[in-house]
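Asker: Have a look at the structure that comes next, please.
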Amino acid sequence: MVELSREKLLWMYQKMVEIRKFDLKVDELFKKNMIWGTCHLYVGEEATAVGTCAALESGDYITSTHRGHGHCIAKGADIKRMMAELLGKETGYCKGRGGSMHIVDVSTGNLGANGIVGAGIPIATGAALASKRRKDGKVTVCFFGDGAVNVGPFHESLNMASIWKLPVVYVCENNQYAMSTSVQKATAVRDIAVRGQSYDMPGVVVDGNDVIAVFETVSEAVNRARRGEGPTLVESKTYRFFGHSKSDPRVYRSREEEQMWMAKDPIPRFANLLKEKEIATEEELKSIDELVDKEMEEALEFALNSPLPKLEEIAKYVYA
């Protein structure tokens with residue numbers, strides 16, 4: 001295992017548990033008709049967000065996707081404000097107007113989730129260009145899914161980032177499906193990371209359910225970017241345990257395939273590692289789980305007790 005402090009390893013475990021329990025609570029609230037619109041849950045992919053954000057400094061930037069709850073929490077978002085946003089309350093990150101897909105928190109370097117596939121890629125590239133021009137030493141990590149690698153902005157952005165040696169790391173979360181379309185049927189290459197060769201940047205495949213492997217891979221890419229050597233394309237192979245969104249019955253994949261991936265669940269996998277290495281006991285990990293349960297209860301209570309936007313102000317802050 002890489003040299004990481006016990007404090008940081010336990011922080012990584014807690015963040016993964018927070019992401020899991022937050023999205024399970026969101027699933028519960030959605031089924032009770034307490035959340036409007038739809039949601040894209042991150043359950044199963046926790047190691048990618050946490051391993052990546054653990055490799056960043058607090059001032060570094062990220063851009064997120066429509067499946068962004070995990071990215072927001074890993075980068076330090078306030079869970080109370082996230083819960084309030086999903087319940088449409090005035091105390092939410094977007095004052096209840098944005099919902100699940102539009103959480104932004106500039107105070108933690110989170111430049112925003114996005115409902116458009118691949119739209120965060122040029123935003124991240126622009127942020128990295130700004131950092132280079134300002135010489136502020138910041139690195140931007142761009143999260144996107146496997147479906148986004150076949151849109152034009154992916155290729156345009158990677159080309160520009162390589163030409164200008166921008167401090168950006170492109171993290172493709174390959175969860176095997178773009179909505180209902182298998183990556184094997186939609187993408188000509190077996191490993192998306194090889195596309196880095198077309199733009200003269202390193203392309204690295206990592207086990208996206210292994211938080212330490214993700215941390216090591218992204219750390220190397222971040223260090224490279226901070227040294228002024230340009231971008232890296234990281235492909236994190238993982239799996240979403242739920243459907244694409246709340247309206248997805250998952251008829252395009254088998255239950256056997258799901259069980260195979262759930263056997264690689266990143267949270268118990270990391271918990272077992274922490275116990276094997278005698279970094280934490282079963283009781284200590286249980287205490288973290290209980291702490292997060294309390295955190296979720298407090299977040300829900302905060303959201304439920306928060307006011308709804310006033311009807312006469314409902315269009316305020318909304319742009320189109």
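So you can find residues: chains in the structure tokens are A, B, ... in the order shown, residues in each start at 1, and ligands are numbered from 1 in order.
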What's around segment 219-233 of chain A at 7 Å? Count only C-alpha atoms, leave out sequence neighbours fewer than 2 positions away in its own chain, and write the answer as JSON, numbers by chain.

Answerer: {"A": [55, 137, 139, 161, 162, 165, 166, 167, 168, 169, 170, 171, 193, 196, 201, 202, 203, 204, 215, 216, 217, 235]}

Asker: Write out as a PDB file with N, CA and C atoms, in the first residue's frame the residues lying within 12 Å of Ile62 of chain A, counting only C-alpha atoms and excluding same-chain residues fewer than 6 positions away.

Answerer:
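Result file is result36.pdb:
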```pdb
ATOM      1  N   ALA A  49     -14.366   8.408  -7.238  1.00  0.00           N
ATOM      2  CA  ALA A  49     -14.442   9.798  -6.766  1.00  0.00           C
ATOM      3  C   ALA A  49     -13.501  10.047  -5.596  1.00  0.00           C
ATOM      4  N   THR A  52      -9.694   9.713  -6.476  1.00  0.00           N
ATOM      5  CA  THR A  52      -9.277  10.862  -7.292  1.00  0.00           C
ATOM      6  C   THR A  52      -9.158  12.131  -6.450  1.00  0.00           C
ATOM      7  N   CYS A  53     -10.190  12.451  -5.698  1.00  0.00           N
ATOM      8  CA  CYS A  53     -10.171  13.704  -4.926  1.00  0.00           C
ATOM      9  C   CYS A  53      -9.137  13.654  -3.803  1.00  0.00           C
ATOM     10  N   ALA A  55      -6.267  12.689  -4.166  1.00  0.00           N
ATOM     11  CA  ALA A  55      -4.990  13.029  -4.803  1.00  0.00           C
ATOM     12  C   ALA A  55      -4.858  14.528  -5.069  1.00  0.00           C
ATOM     13  N   LEU A  56      -5.915  15.294  -4.756  1.00  0.00           N
ATOM     14  CA  LEU A  56      -5.929  16.727  -5.060  1.00  0.00           C
ATOM     15  C   LEU A  56      -5.655  17.568  -3.827  1.00  0.00           C
ATOM     16  N   GLY A  68     -23.322  13.143 -10.199  1.00  0.00           N
ATOM     17  CA  GLY A  68     -22.278  13.904  -9.529  1.00  0.00           C
ATOM     18  C   GLY A  68     -22.265  13.889  -8.016  1.00  0.00           C
ATOM     19  N   GLY A  70     -21.344  11.768  -5.821  1.00  0.00           N
ATOM     20  CA  GLY A  70     -20.086  11.250  -5.274  1.00  0.00           C
ATOM     21  C   GLY A  70     -18.938  12.232  -5.425  1.00  0.00           C
ATOM     22  N   HIS A  71     -18.862  12.892  -6.589  1.00  0.00           N
ATOM     23  CA  HIS A  71     -17.793  13.871  -6.811  1.00  0.00           C
ATOM     24  C   HIS A  71     -17.914  15.024  -5.820  1.00  0.00           C
ATOM     25  N   CYS A  72     -19.156  15.511  -5.631  1.00  0.00           N
ATOM     26  CA  CYS A  72     -19.378  16.650  -4.731  1.00  0.00           C
ATOM     27  C   CYS A  72     -18.947  16.310  -3.310  1.00  0.00           C
ATOM     28  N   ILE A  73     -19.367  15.146  -2.809  1.00  0.00           N
ATOM     29  CA  ILE A  73     -19.043  14.757  -1.435  1.00  0.00           C
ATOM     30  C   ILE A  73     -17.534  14.539  -1.291  1.00  0.00           C
ATOM     31  N   ALA A  74     -16.923  13.878  -2.247  1.00  0.00           N
ATOM     32  CA  ALA A  74     -15.483  13.605  -2.163  1.00  0.00           C
ATOM     33  C   ALA A  74     -14.670  14.902  -2.172  1.00  0.00           C
ATOM     34  N   LYS A  75     -15.186  15.944  -2.831  1.00  0.00           N
ATOM     35  CA  LYS A  75     -14.451  17.219  -2.902  1.00  0.00           C
ATOM     36  C   LYS A  75     -14.782  18.123  -1.723  1.00  0.00           C
ATOM     37  N   GLY A  76     -15.668  17.659  -0.826  1.00  0.00           N
ATOM     38  CA  GLY A  76     -15.872  18.402   0.415  1.00  0.00           C
ATOM     39  C   GLY A  76     -17.188  19.134   0.557  1.00  0.00           C
ATOM     40  N   VAL A 104     -23.199  22.921  -7.604  1.00  0.00           N
ATOM     41  CA  VAL A 104     -21.910  23.567  -7.814  1.00  0.00           C
ATOM     42  C   VAL A 104     -21.465  24.144  -6.472  1.00  0.00           C
ATOM     43  N   ASP A 105     -20.173  24.062  -6.189  1.00  0.00           N
ATOM     44  CA  ASP A 105     -19.651  24.558  -4.912  1.00  0.00           C
ATOM     45  C   ASP A 105     -18.238  25.088  -5.143  1.00  0.00           C
ATOM     46  N   VAL A 106     -18.177  26.327  -5.590  1.00  0.00           N
ATOM     47  CA  VAL A 106     -16.889  26.929  -5.938  1.00  0.00           C
ATOM     48  C   VAL A 106     -15.969  26.993  -4.721  1.00  0.00           C
ATOM     49  N   SER A 107     -16.549  27.068  -3.518  1.00  0.00           N
ATOM     50  CA  SER A 107     -15.724  27.175  -2.303  1.00  0.00           C
ATOM     51  C   SER A 107     -14.846  25.940  -2.099  1.00  0.00           C
ATOM     52  N   THR A 108     -15.256  24.784  -2.651  1.00  0.00           N
ATOM     53  CA  THR A 108     -14.431  23.576  -2.547  1.00  0.00           C
ATOM     54  C   THR A 108     -13.741  23.236  -3.871  1.00  0.00           C
ATOM     55  N   GLY A 109     -13.828  24.136  -4.842  1.00  0.00           N
ATOM     56  CA  GLY A 109     -13.204  23.888  -6.141  1.00  0.00           C
ATOM     57  C   GLY A 109     -14.071  23.064  -7.078  1.00  0.00           C
ATOM     58  N   ASN A 110     -15.316  22.858  -6.717  1.00  0.00           N
ATOM     59  CA  ASN A 110     -16.237  22.093  -7.566  1.00  0.00           C
ATOM     60  C   ASN A 110     -16.919  23.047  -8.540  1.00  0.00           C
ATOM     61  N   LEU A 111     -16.520  22.979  -9.814  1.00  0.00           N
ATOM     62  CA  LEU A 111     -17.040  23.903 -10.823  1.00  0.00           C
ATOM     63  C   LEU A 111     -18.395  23.474 -11.364  1.00  0.00           C
ATOM     64  N   GLY A 112     -18.927  22.371 -10.854  1.00  0.00           N
ATOM     65  CA  GLY A 112     -20.313  22.065 -11.161  1.00  0.00           C
ATOM     66  C   GLY A 112     -20.572  20.732 -11.814  1.00  0.00           C
ATOM     67  N   ALA A 113     -21.738  20.169 -11.434  1.00  0.00           N
ATOM     68  CA  ALA A 113     -22.282  19.011 -12.141  1.00  0.00           C
ATOM     69  C   ALA A 113     -22.973  19.522 -13.395  1.00  0.00           C
ATOM     70  N   ASN A 114     -23.345  18.611 -14.284  1.00  0.00           N
ATOM     71  CA  ASN A 114     -23.845  19.047 -15.582  1.00  0.00           C
ATOM     72  C   ASN A 114     -24.795  18.003 -16.157  1.00  0.00           C
ATOM     73  N   GLY A 120     -18.817  18.922 -19.330  1.00  0.00           N
ATOM     74  CA  GLY A 120     -17.794  19.345 -18.378  1.00  0.00           C
ATOM     75  C   GLY A 120     -16.387  19.305 -18.948  1.00  0.00           C
ATOM     76  N   ILE A 121     -16.208  18.608 -20.086  1.00  0.00           N
ATOM     77  CA  ILE A 121     -14.849  18.431 -20.623  1.00  0.00           C
ATOM     78  C   ILE A 121     -14.258  19.764 -21.107  1.00  0.00           C
ATOM     79  N   ILE A 123     -15.249  22.701 -20.185  1.00  0.00           N
ATOM     80  CA  ILE A 123     -15.192  23.592 -19.012  1.00  0.00           C
ATOM     81  C   ILE A 123     -13.912  23.327 -18.224  1.00  0.00           C
ATOM     82  N   ALA A 124     -13.600  22.058 -18.022  1.00  0.00           N
ATOM     83  CA  ALA A 124     -12.373  21.702 -17.303  1.00  0.00           C
ATOM     84  C   ALA A 124     -11.139  22.164 -18.063  1.00  0.00           C
ATOM     85  N   THR A 125     -11.188  22.023 -19.379  1.00  0.00           N
ATOM     86  CA  THR A 125     -10.051  22.446 -20.195  1.00  0.00           C
ATOM     87  C   THR A 125      -9.864  23.959 -20.099  1.00  0.00           C
ATOM     88  N   GLY A 126     -10.966  24.689 -20.088  1.00  0.00           N
ATOM     89  CA  GLY A 126     -10.889  26.144 -19.932  1.00  0.00           C
ATOM     90  C   GLY A 126     -10.356  26.540 -18.563  1.00  0.00           C
ATOM     91  N   ALA A 127     -10.789  25.819 -17.520  1.00  0.00           N
ATOM     92  CA  ALA A 127     -10.291  26.114 -16.171  1.00  0.00           C
ATOM     93  C   ALA A 127      -8.781  25.876 -16.093  1.00  0.00           C
ATOM     94  N   ALA A 128      -8.337  24.806 -16.744  1.00  0.00           N
ATOM     95  CA  ALA A 128      -6.901  24.508 -16.742  1.00  0.00           C
ATOM     96  C   ALA A 128      -6.117  25.563 -17.522  1.00  0.00           C
ATOM     97  N   LYS A 138      -2.759  25.423  -9.814  1.00  0.00           N
ATOM     98  CA  LYS A 138      -3.885  24.515  -9.605  1.00  0.00           C
ATOM     99  C   LYS A 138      -4.018  23.501 -10.745  1.00  0.00           C
ATOM    100  N   VAL A 139      -4.545  22.334 -10.373  1.00  0.00           N
ATOM    101  CA  VAL A 139      -4.834  21.283 -11.354  1.00  0.00           C
ATOM    102  C   VAL A 139      -6.346  21.078 -11.400  1.00  0.00           C
ATOM    103  N   THR A 140      -6.866  20.828 -12.580  1.00  0.00           N
ATOM    104  CA  THR A 140      -8.291  20.519 -12.737  1.00  0.00           C
ATOM    105  C   THR A 140      -8.460  19.055 -13.091  1.00  0.00           C
ATOM    106  N   VAL A 141      -9.348  18.381 -12.373  1.00  0.00           N
ATOM    107  CA  VAL A 141      -9.734  17.005 -12.727  1.00  0.00           C
ATOM    108  C   VAL A 141     -11.107  17.048 -13.375  1.00  0.00           C
ATOM    109  N   CYS A 142     -11.225  16.403 -14.515  1.00  0.00           N
ATOM    110  CA  CYS A 142     -12.480  16.377 -15.262  1.00  0.00           C
ATOM    111  C   CYS A 142     -13.063  14.970 -15.214  1.00  0.00           C
ATOM    112  N   PHE A 143     -14.190  14.807 -14.532  1.00  0.00           N
ATOM    113  CA  PHE A 143     -14.891  13.515 -14.522  1.00  0.00           C
ATOM    114  C   PHE A 143     -15.865  13.458 -15.698  1.00  0.00           C
ATOM    115  N   PHE A 144     -15.931  12.315 -16.352  1.00  0.00           N
ATOM    116  CA  PHE A 144     -16.952  12.097 -17.386  1.00  0.00           C
ATOM    117  C   PHE A 144     -17.134  10.595 -17.564  1.00  0.00           C
ATOM    118  N   PRO A 167      -2.669  21.937 -17.249  1.00  0.00           N
ATOM    119  CA  PRO A 167      -2.678  21.146 -16.011  1.00  0.00           C
ATOM    120  C   PRO A 167      -4.047  20.527 -15.747  1.00  0.00           C
ATOM    121  N   VAL A 168      -4.393  19.495 -16.503  1.00  0.00           N
ATOM    122  CA  VAL A 168      -5.708  18.875 -16.389  1.00  0.00           C
ATOM    123  C   VAL A 168      -5.565  17.351 -16.440  1.00  0.00           C
ATOM    124  N   VAL A 169      -6.400  16.671 -15.676  1.00  0.00           N
ATOM    125  CA  VAL A 169      -6.445  15.196 -15.692  1.00  0.00           C
ATOM    126  C   VAL A 169      -7.858  14.793 -16.083  1.00  0.00           C
ATOM    127  N   TYR A 170      -7.989  14.055 -17.174  1.00  0.00           N
ATOM    128  CA  TYR A 170      -9.288  13.588 -17.644  1.00  0.00           C
ATOM    129  C   TYR A 170      -9.544  12.202 -17.059  1.00  0.00           C
ATOM    130  N   VAL A 171     -10.577  12.094 -16.217  1.00  0.00           N
ATOM    131  CA  VAL A 171     -10.895  10.817 -15.568  1.00  0.00           C
ATOM    132  C   VAL A 171     -12.194  10.277 -16.150  1.00  0.00           C
TER     133      VAL A 171
END
```

Asker: Identify all residues of segment 6-173 of chain A in helix (DSSP H, G or I) (DSSP on the backbone) and supply them as a PyMOL selection string.

Answerer: chain A and resi 6-31+46-53+69-74+79-86+100-102+106-108+120-134+146-150+152-163

Asker: For those residues, write C-alpha atoms to a file as a short mmCIF file (atom, residue, chain, number, x, y, z; two decimals), in the first residue's frame.

Answerer:
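out05.cif was written with the following content:
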```cif
data_model
loop_
_atom_site.label_atom_id
_atom_site.label_comp_id
_atom_site.auth_asym_id
_atom_site.auth_seq_id
_atom_site.Cartn_x
_atom_site.Cartn_y
_atom_site.Cartn_z
CA ARG A 6 -3.97 6.49 9.03
CA GLU A 7 -5.98 9.70 9.25
CA LYS A 8 -6.17 10.01 5.48
CA LEU A 9 -7.04 6.35 4.95
CA LEU A 10 -9.90 6.60 7.42
CA TRP A 11 -11.02 9.85 5.77
CA MET A 12 -11.15 7.96 2.46
CA TYR A 13 -13.23 5.20 4.03
CA GLN A 14 -15.62 7.69 5.62
CA LYS A 15 -16.10 9.58 2.35
CA MET A 16 -16.92 6.34 0.50
CA VAL A 17 -19.48 5.45 3.18
CA GLU A 18 -20.95 8.97 3.05
CA ILE A 19 -21.43 8.71 -0.72
CA ARG A 20 -23.05 5.26 -0.42
CA LYS A 21 -25.40 6.21 2.40
CA PHE A 22 -26.29 9.56 0.81
CA ASP A 23 -27.37 7.94 -2.44
CA LEU A 24 -29.24 5.12 -0.67
CA LYS A 25 -31.13 7.81 1.27
CA VAL A 26 -31.83 9.66 -2.00
CA ASP A 27 -33.19 6.42 -3.48
CA GLU A 28 -35.47 6.02 -0.45
CA LEU A 29 -36.73 9.61 -0.63
CA PHE A 30 -37.32 9.40 -4.38
CA LYS A 31 -39.52 6.32 -3.92
CA GLU A 46 -17.35 5.42 -4.78
CA ALA A 47 -13.68 4.42 -5.08
CA THR A 48 -13.21 6.51 -8.22
CA ALA A 49 -14.44 9.80 -6.77
CA VAL A 50 -12.69 9.36 -3.43
CA GLY A 51 -9.40 8.00 -4.80
CA THR A 52 -9.28 10.86 -7.29
CA CYS A 53 -10.17 13.70 -4.93
CA HIS A 69 -23.25 13.27 -5.89
CA GLY A 70 -20.09 11.25 -5.27
CA HIS A 71 -17.79 13.87 -6.81
CA CYS A 72 -19.38 16.65 -4.73
CA ILE A 73 -19.04 14.76 -1.43
CA ALA A 74 -15.48 13.60 -2.16
CA ILE A 79 -24.17 17.16 2.84
CA LYS A 80 -26.91 19.22 4.50
CA ARG A 81 -26.91 21.68 1.60
CA MET A 82 -26.84 18.79 -0.91
CA MET A 83 -29.85 17.15 0.71
CA ALA A 84 -31.68 20.48 0.79
CA GLU A 85 -30.98 21.00 -2.91
CA LEU A 86 -32.40 17.61 -3.85
CA SER A 100 -29.53 16.59 -8.38
CA MET A 101 -27.77 17.39 -11.65
CA HIS A 102 -26.62 20.97 -11.07
CA VAL A 106 -16.89 26.93 -5.94
CA SER A 107 -15.72 27.18 -2.30
CA THR A 108 -14.43 23.58 -2.55
CA GLY A 120 -17.79 19.34 -18.38
CA ILE A 121 -14.85 18.43 -20.62
CA PRO A 122 -14.40 21.85 -22.32
CA ILE A 123 -15.19 23.59 -19.01
CA ALA A 124 -12.37 21.70 -17.30
CA THR A 125 -10.05 22.45 -20.19
CA GLY A 126 -10.89 26.14 -19.93
CA ALA A 127 -10.29 26.11 -16.17
CA ALA A 128 -6.90 24.51 -16.74
CA LEU A 129 -6.05 27.12 -19.39
CA ALA A 130 -6.96 29.86 -16.89
CA SER A 131 -4.72 28.26 -14.24
CA LYS A 132 -1.82 28.12 -16.67
CA ARG A 133 -2.25 31.77 -17.67
CA ARG A 134 -2.62 32.87 -14.03
CA ASP A 146 -17.74 6.33 -21.14
CA GLY A 147 -20.60 7.73 -23.24
CA ALA A 148 -18.86 11.10 -23.38
CA VAL A 149 -15.77 9.82 -25.18
CA ASN A 150 -17.68 9.66 -28.48
CA GLY A 152 -16.83 16.04 -30.33
CA PRO A 153 -15.86 18.15 -27.30
CA PHE A 154 -13.90 15.20 -25.87
CA HIS A 155 -11.58 15.12 -28.88
CA GLU A 156 -11.35 18.89 -29.31
CA SER A 157 -10.56 19.42 -25.64
CA LEU A 158 -7.92 16.70 -25.36
CA ASN A 159 -6.21 18.00 -28.48
CA MET A 160 -6.05 21.59 -27.17
CA ALA A 161 -4.99 20.48 -23.69
CA SER A 162 -2.10 18.52 -25.14
CA ILE A 163 -0.97 21.27 -27.51
#
```

Asker: Find the spatial neighbours of Asn209 of chain A, counting only C-alpha atoms, within a cut-off of 9 Å - ignore same-chain residues fewer than 6 positions away - and output them as a list in words.

Answerer: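 Counting only C-alpha atoms, the residues come to Gly44, Glu45, Glu46, Ala47, Thr48, Ser236, Lys237, Thr238, Tyr239, Lys264, Asp265, Pro266, Ile267 and Arg269 of chain A.
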
Asker: Sorted by chain and rising residue number, list the residues of segment 128-185 of chain A at most 12 Å from segment 35-42 of chain A (counting only C-alpha atoms), each with its closest atom pair and distance in Å to one decimal, as a tab-separated table.

Answerer:
```
residue	atom	partner	partner_atom	distance
A:Gly145	CA	A:Tyr42	CA	11.7
A:Glu173	CA	A:Tyr42	CA	10.8
A:Asn175	CA	A:Tyr42	CA	10.1
A:Met179	CA	A:His40	CA	10.3
```

Asker: Considering only C-alpha atoms, can you say which of A:Ile103, A:Met296, A:Leu285, A:Leu4 comes closest to Asn272 of chain A?

Answerer: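 Result for the nearest residue to Asn272 of chain A: A:Leu285.
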
Asker: Just the residues within 9 Å of segment 304-319 of chain A, please, counting only C-alpha atoms, with nothing from its chain fewer than 3 positions along; format it as a list in words.

Answerer: Ala84, Leu87, Gly88, Lys89, Glu90, Thr91, Gly92, Cys94, Lys95, Gly96, Arg97, Gly98, Ala299, Leu300 and Glu301 of chain A

Asker: Run DSSP on the backbone of this structure and report the residues of segment 116-296 of chain A it assigns to strand (DSSP E), as number ranges by chain.

Answerer: A: 140-145, 168-174, 177-178, 181-182, 203-207, 232-237

Asker: Store the residues picked out above in a file with C-alpha atoms, as a short mmCIF file (atom, residue, chain, number, x, y, z; two decimals), in the first residue's frame.

Answerer:
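Okay, this is what ended up in again.cif:
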```cif
data_model
loop_
_atom_site.label_atom_id
_atom_site.label_comp_id
_atom_site.auth_asym_id
_atom_site.auth_seq_id
_atom_site.Cartn_x
_atom_site.Cartn_y
_atom_site.Cartn_z
CA THR A 140 -8.29 20.52 -12.74
CA VAL A 141 -9.73 17.00 -12.73
CA CYS A 142 -12.48 16.38 -15.26
CA PHE A 143 -14.89 13.52 -14.52
CA PHE A 144 -16.95 12.10 -17.39
CA GLY A 145 -18.55 8.80 -18.38
CA VAL A 168 -5.71 18.88 -16.39
CA VAL A 169 -6.45 15.20 -15.69
CA TYR A 170 -9.29 13.59 -17.64
CA VAL A 171 -10.89 10.82 -15.57
CA CYS A 172 -13.24 8.63 -17.60
CA GLU A 173 -15.54 6.66 -15.31
CA ASN A 174 -16.17 3.64 -17.50
CA TYR A 177 -22.99 1.58 -20.04
CA ALA A 178 -23.96 4.89 -21.63
CA THR A 181 -25.81 1.09 -24.49
CA SER A 182 -22.89 -1.18 -23.69
CA GLY A 203 -3.47 6.91 -21.19
CA VAL A 204 -3.79 4.72 -18.10
CA VAL A 205 -6.33 2.03 -17.16
CA VAL A 206 -7.06 1.55 -13.46
CA ASP A 207 -9.30 -0.73 -11.42
CA THR A 232 -3.30 12.58 -18.75
CA LEU A 233 -6.27 10.41 -19.67
CA VAL A 234 -7.23 7.98 -16.89
CA GLU A 235 -9.82 5.26 -17.54
CA SER A 236 -11.35 3.99 -14.30
CA LYS A 237 -13.17 0.71 -14.97
#
```

Asker: Which is closer to Met262 of chain A than all the others in A:Lys135, A:His66, A:Arg240, A:Arg190, using only C-alpha atoms?

Answerer: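 Going through A:Lys135, A:His66, A:Arg240, A:Arg190 one by one, the smallest distance to Met262 of chain A is for A:Arg240.
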
Asker: What separation in Å, quoted to one decimal, exists between atom CA of Glu297 of chain A and atom CA of Val43 of chain A?

Answerer: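 Atom CA of Val43 of chain A lies 18.9 Å from atom CA of Glu297 of chain A.
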